[in-house]
Amino acid sequence: MSGASKNRRPLSRRTRMIWLGVATGLCLTLAPFGAVGALFSPLVFDHQGNILNPLAWIAFLMMVLFWIVCLIGPFGAWVLFKRDQESLAWAAMAAPLAWLMLLVAILQFIPG
């Protein structure tokens with residue numbers, strides 16, 4: 001183990017709050033893109049047979065709800081941060097990114 005990792009000090013609460021603010025800004029910039037994605041979400045049913053495809057329905061719901069997750073995730077993160085549950089706060093802040101990655105993975109398996 002290197003000596004540099006032994007001398008690392010934990011970040012102050014103020015610094016962690018600043019980084020949580022930066023992450024909030026990033027999540028809030030994704031929300032309008034999610035709203036546009038929600039407008040185009042019915043396009044997953046354009047290919048013949050997709051109306052019966054369960055993955056198409058899951059993708060449709062995930063696209064519609066993505067912008068909501070982009071708003072609720074940071075709100076929940078700040079509530080948890082204020083209650084001194086920082087690990088859960090960062091998990092809540094990561095929810096929109098995880099949601100987006102899962103949505104991209106599901107869209108790969110929808111024909112059309």
# chains A, B, ... in the order shown; residues from 1 in each chain; ligands from 1

call {"tool": "residues_around", "arguments": {"residues": "stretch 40-54 of chain A", "least_positions_apart": "3", "cutoff": "12 Å", "atoms": "only C-alpha atoms", "output": "ChimeraX atom specification"}}
result
/A:33-37,57-66,103,106-112

call {"tool": "write_last_selection", "arguments": {"atoms": "C-alpha atoms", "output": "tab-separated table (two decimals), in the first residue's frame"}}
result
chain	number	residue	atom	x	y	z
A	33	PHE	CA	-33.76	15.33	-21.99
A	34	GLY	CA	-35.87	12.80	-20.09
A	35	ALA	CA	-38.98	14.85	-20.82
A	36	VAL	CA	-38.19	14.82	-24.54
A	37	GLY	CA	-37.54	11.08	-24.29
A	57	TRP	CA	-43.41	-2.07	-22.37
A	58	ILE	CA	-40.67	-1.94	-19.75
A	59	ALA	CA	-38.64	0.43	-21.94
A	60	PHE	CA	-41.73	2.57	-22.52
A	61	LEU	CA	-42.37	2.91	-18.79
A	62	MET	CA	-38.72	3.57	-18.03
A	63	MET	CA	-38.57	6.29	-20.69
A	64	VAL	CA	-41.72	7.94	-19.38
A	65	LEU	CA	-40.51	7.86	-15.77
A	66	PHE	CA	-36.87	8.86	-16.35
A	103	LEU	CA	-32.82	1.84	-20.05
A	106	ILE	CA	-33.09	-2.71	-22.43
A	107	LEU	CA	-33.40	-0.65	-25.61
A	108	GLN	CA	-30.67	-2.77	-27.19
A	109	PHE	CA	-32.97	-5.80	-27.19
A	110	ILE	CA	-36.03	-4.15	-28.74
A	111	PRO	CA	-36.33	-4.76	-32.48
A	112	GLY	CA	-36.94	-1.89	-34.79

call {"tool": "select_by_dssp", "arguments": {"residues": "chain A", "states": "helix (DSSP H, G or I)", "output": "number ranges by chain"}}
result
A: 3-6, 13-45, 50-52, 54-82, 86-107

call {"tool": "closest_residue", "arguments": {"among": "A:Ala56, A:Val22, A:Ala98, A:Leu28", "to": "A:Leu71", "atoms": "only C-alpha atoms"}}
result
A:Leu28

call {"tool": "closest_residue", "arguments": {"among": "A:Ala92, A:Cys70, A:Leu55, A:Val104", "to": "A:Thr29", "atoms": "only C-alpha atoms"}}
result
A:Cys70

call {"tool": "atom_distance", "arguments": {"atom1": "atom CA of A:Pro96", "atom2": "atom CA of A:Cys27"}}
result
7.0 Å

call {"tool": "residues_around", "arguments": {"residues": "A:Ala77", "least_positions_apart": "6", "cutoff": "12 Å", "atoms": "only C-alpha atoms", "output": "ChimeraX atom specification"}}
result
/A:17,19-21,23-24,27,69-71,83-96

call {"tool": "decode", "arguments": {"residues": "stretch 34-84 of chain A", "atoms": "N, CA and C atoms", "output": "CSV table (one decimal), in the first residue's frame"}}
result
chain,number,residue,atom,x,y,z
A,34,GLY,N,-34.9,13.9,-20.4
A,34,GLY,CA,-35.9,12.8,-20.1
A,34,GLY,C,-37.3,13.1,-20.5
A,35,ALA,N,-37.6,14.4,-20.4
A,35,ALA,CA,-39.0,14.9,-20.8
A,35,ALA,C,-39.2,14.7,-22.3
A,36,VAL,N,-38.1,15.0,-23.1
A,36,VAL,CA,-38.2,14.8,-24.5
A,36,VAL,C,-38.2,13.3,-24.9
A,37,GLY,N,-37.5,12.5,-24.1
A,37,GLY,CA,-37.5,11.1,-24.3
A,37,GLY,C,-38.9,10.5,-24.0
A,38,ALA,N,-39.6,11.1,-23.0
A,38,ALA,CA,-41.0,10.7,-22.7
A,38,ALA,C,-41.9,11.0,-23.8
A,39,LEU,N,-41.7,12.1,-24.5
A,39,LEU,CA,-42.5,12.4,-25.7
A,39,LEU,C,-42.4,11.4,-26.8
A,40,PHE,N,-41.1,10.9,-27.0
A,40,PHE,CA,-40.9,10.0,-28.0
A,40,PHE,C,-41.0,8.5,-27.6
A,41,SER,N,-41.3,8.3,-26.4
A,41,SER,CA,-41.4,6.9,-25.9
A,41,SER,C,-42.4,6.0,-26.6
A,42,PRO,N,-43.5,6.5,-27.2
A,42,PRO,CA,-44.4,5.6,-27.9
A,42,PRO,C,-43.7,5.0,-29.2
A,43,LEU,N,-42.6,5.5,-29.6
A,43,LEU,CA,-42.0,5.0,-30.8
A,43,LEU,C,-41.4,3.6,-30.6
A,44,VAL,N,-41.3,3.2,-29.4
A,44,VAL,CA,-40.8,1.8,-29.2
A,44,VAL,C,-41.8,0.8,-29.7
A,45,PHE,N,-43.0,1.2,-29.9
A,45,PHE,CA,-44.0,0.3,-30.4
A,45,PHE,C,-44.2,0.3,-31.9
A,46,ASP,N,-43.3,1.1,-32.6
A,46,ASP,CA,-43.5,1.2,-34.1
A,46,ASP,C,-43.2,-0.1,-34.9
A,47,HIS,N,-42.3,-0.9,-34.4
A,47,HIS,CA,-42.0,-2.1,-35.1
A,47,HIS,C,-43.1,-3.1,-34.9
A,48,GLN,N,-43.5,-3.8,-35.9
A,48,GLN,CA,-44.6,-4.8,-35.9
A,48,GLN,C,-44.3,-5.8,-34.8
A,49,GLY,N,-45.2,-6.1,-33.9
A,49,GLY,CA,-45.1,-7.1,-32.9
A,49,GLY,C,-44.6,-6.5,-31.6
A,50,ASN,N,-44.1,-5.3,-31.5
A,50,ASN,CA,-43.6,-4.7,-30.3
A,50,ASN,C,-44.7,-4.5,-29.3
A,51,ILE,N,-45.9,-4.4,-29.7
A,51,ILE,CA,-47.0,-4.1,-28.8
A,51,ILE,C,-47.2,-5.3,-27.8
A,52,LEU,N,-46.7,-6.5,-28.2
A,52,LEU,CA,-46.8,-7.7,-27.4
A,52,LEU,C,-45.5,-8.0,-26.7
A,53,ASN,N,-44.5,-7.2,-26.9
A,53,ASN,CA,-43.1,-7.4,-26.4
A,53,ASN,C,-43.0,-6.8,-25.0
A,54,PRO,N,-42.8,-7.7,-24.0
A,54,PRO,CA,-42.7,-7.1,-22.6
A,54,PRO,C,-41.6,-6.2,-22.4
A,55,LEU,N,-40.4,-6.4,-23.1
A,55,LEU,CA,-39.3,-5.5,-23.0
A,55,LEU,C,-39.7,-4.1,-23.6
A,56,ALA,N,-40.5,-4.1,-24.6
A,56,ALA,CA,-40.9,-2.8,-25.1
A,56,ALA,C,-41.8,-2.0,-24.1
A,57,TRP,N,-42.6,-2.7,-23.4
A,57,TRP,CA,-43.4,-2.1,-22.4
A,57,TRP,C,-42.6,-1.6,-21.2
A,58,ILE,N,-41.6,-2.4,-20.8
A,58,ILE,CA,-40.7,-1.9,-19.7
A,58,ILE,C,-39.9,-0.7,-20.2
A,59,ALA,N,-39.4,-0.7,-21.4
A,59,ALA,CA,-38.6,0.4,-21.9
A,59,ALA,C,-39.5,1.7,-22.0
A,60,PHE,N,-40.8,1.5,-22.4
A,60,PHE,CA,-41.7,2.6,-22.5
A,60,PHE,C,-41.9,3.2,-21.1
A,61,LEU,N,-42.2,2.4,-20.1
A,61,LEU,CA,-42.4,2.9,-18.8
A,61,LEU,C,-41.1,3.6,-18.2
A,62,MET,N,-40.0,3.0,-18.5
A,62,MET,CA,-38.7,3.6,-18.0
A,62,MET,C,-38.4,4.9,-18.7
A,63,MET,N,-38.8,5.0,-20.0
A,63,MET,CA,-38.6,6.3,-20.7
A,63,MET,C,-39.5,7.4,-20.2
A,64,VAL,N,-40.7,7.0,-19.9
A,64,VAL,CA,-41.7,7.9,-19.4
A,64,VAL,C,-41.3,8.4,-18.0
A,65,LEU,N,-40.8,7.5,-17.2
A,65,LEU,CA,-40.5,7.9,-15.8
A,65,LEU,C,-39.1,8.4,-15.5
A,66,PHE,N,-38.3,8.4,-16.6
A,66,PHE,CA,-36.9,8.9,-16.4
A,66,PHE,C,-36.8,10.3,-15.9
A,67,TRP,N,-37.5,11.2,-16.4
A,67,TRP,CA,-37.4,12.6,-16.0
A,67,TRP,C,-37.9,12.8,-14.6
A,68,ILE,N,-38.8,11.9,-14.1
A,68,ILE,CA,-39.3,12.0,-12.7
A,68,ILE,C,-38.2,11.5,-11.8
A,69,VAL,N,-37.5,10.5,-12.2
A,69,VAL,CA,-36.4,10.0,-11.4
A,69,VAL,C,-35.3,11.0,-11.3
A,70,CYS,N,-35.1,11.8,-12.4
A,70,CYS,CA,-34.1,12.8,-12.3
A,70,CYS,C,-34.5,14.0,-11.4
A,71,LEU,N,-35.7,14.1,-11.0
A,71,LEU,CA,-36.2,15.1,-10.1
A,71,LEU,C,-36.2,14.6,-8.7
A,72,ILE,N,-36.7,13.3,-8.5
A,72,ILE,CA,-36.9,12.7,-7.2
A,72,ILE,C,-35.6,12.3,-6.6
A,73,GLY,N,-34.6,11.8,-7.4
A,73,GLY,CA,-33.3,11.3,-6.9
A,73,GLY,C,-32.6,12.4,-6.1
A,74,PRO,N,-32.3,13.6,-6.7
A,74,PRO,CA,-31.6,14.6,-5.9
A,74,PRO,C,-32.4,15.1,-4.7
A,75,PHE,N,-33.7,15.1,-4.8
A,75,PHE,CA,-34.5,15.5,-3.7
A,75,PHE,C,-34.3,14.6,-2.5
A,76,GLY,N,-34.5,13.3,-2.8
A,76,GLY,CA,-34.2,12.3,-1.8
A,76,GLY,C,-32.8,12.3,-1.3
A,77,ALA,N,-31.9,12.5,-2.1
A,77,ALA,CA,-30.5,12.6,-1.7
A,77,ALA,C,-30.2,13.7,-0.7
A,78,TRP,N,-30.8,14.9,-1.0
A,78,TRP,CA,-30.6,16.0,0.0
A,78,TRP,C,-31.3,15.7,1.3
A,79,VAL,N,-32.5,15.1,1.3
A,79,VAL,CA,-33.2,14.7,2.5
A,79,VAL,C,-32.3,13.7,3.3
A,80,LEU,N,-31.8,12.7,2.6
A,80,LEU,CA,-31.0,11.7,3.3
A,80,LEU,C,-29.6,12.4,3.8
A,81,PHE,N,-29.1,13.3,3.0
A,81,PHE,CA,-27.9,14.0,3.4
A,81,PHE,C,-28.1,14.8,4.7
A,82,LYS,N,-29.2,15.4,4.8
A,82,LYS,CA,-29.6,16.3,5.9
A,82,LYS,C,-29.8,15.4,7.2
A,83,ARG,N,-30.2,14.2,7.0
A,83,ARG,CA,-30.4,13.2,8.1
A,83,ARG,C,-29.2,12.4,8.4
A,84,ASP,N,-28.1,12.8,7.9
A,84,ASP,CA,-26.8,12.1,8.1
A,84,ASP,C,-26.7,10.7,7.7
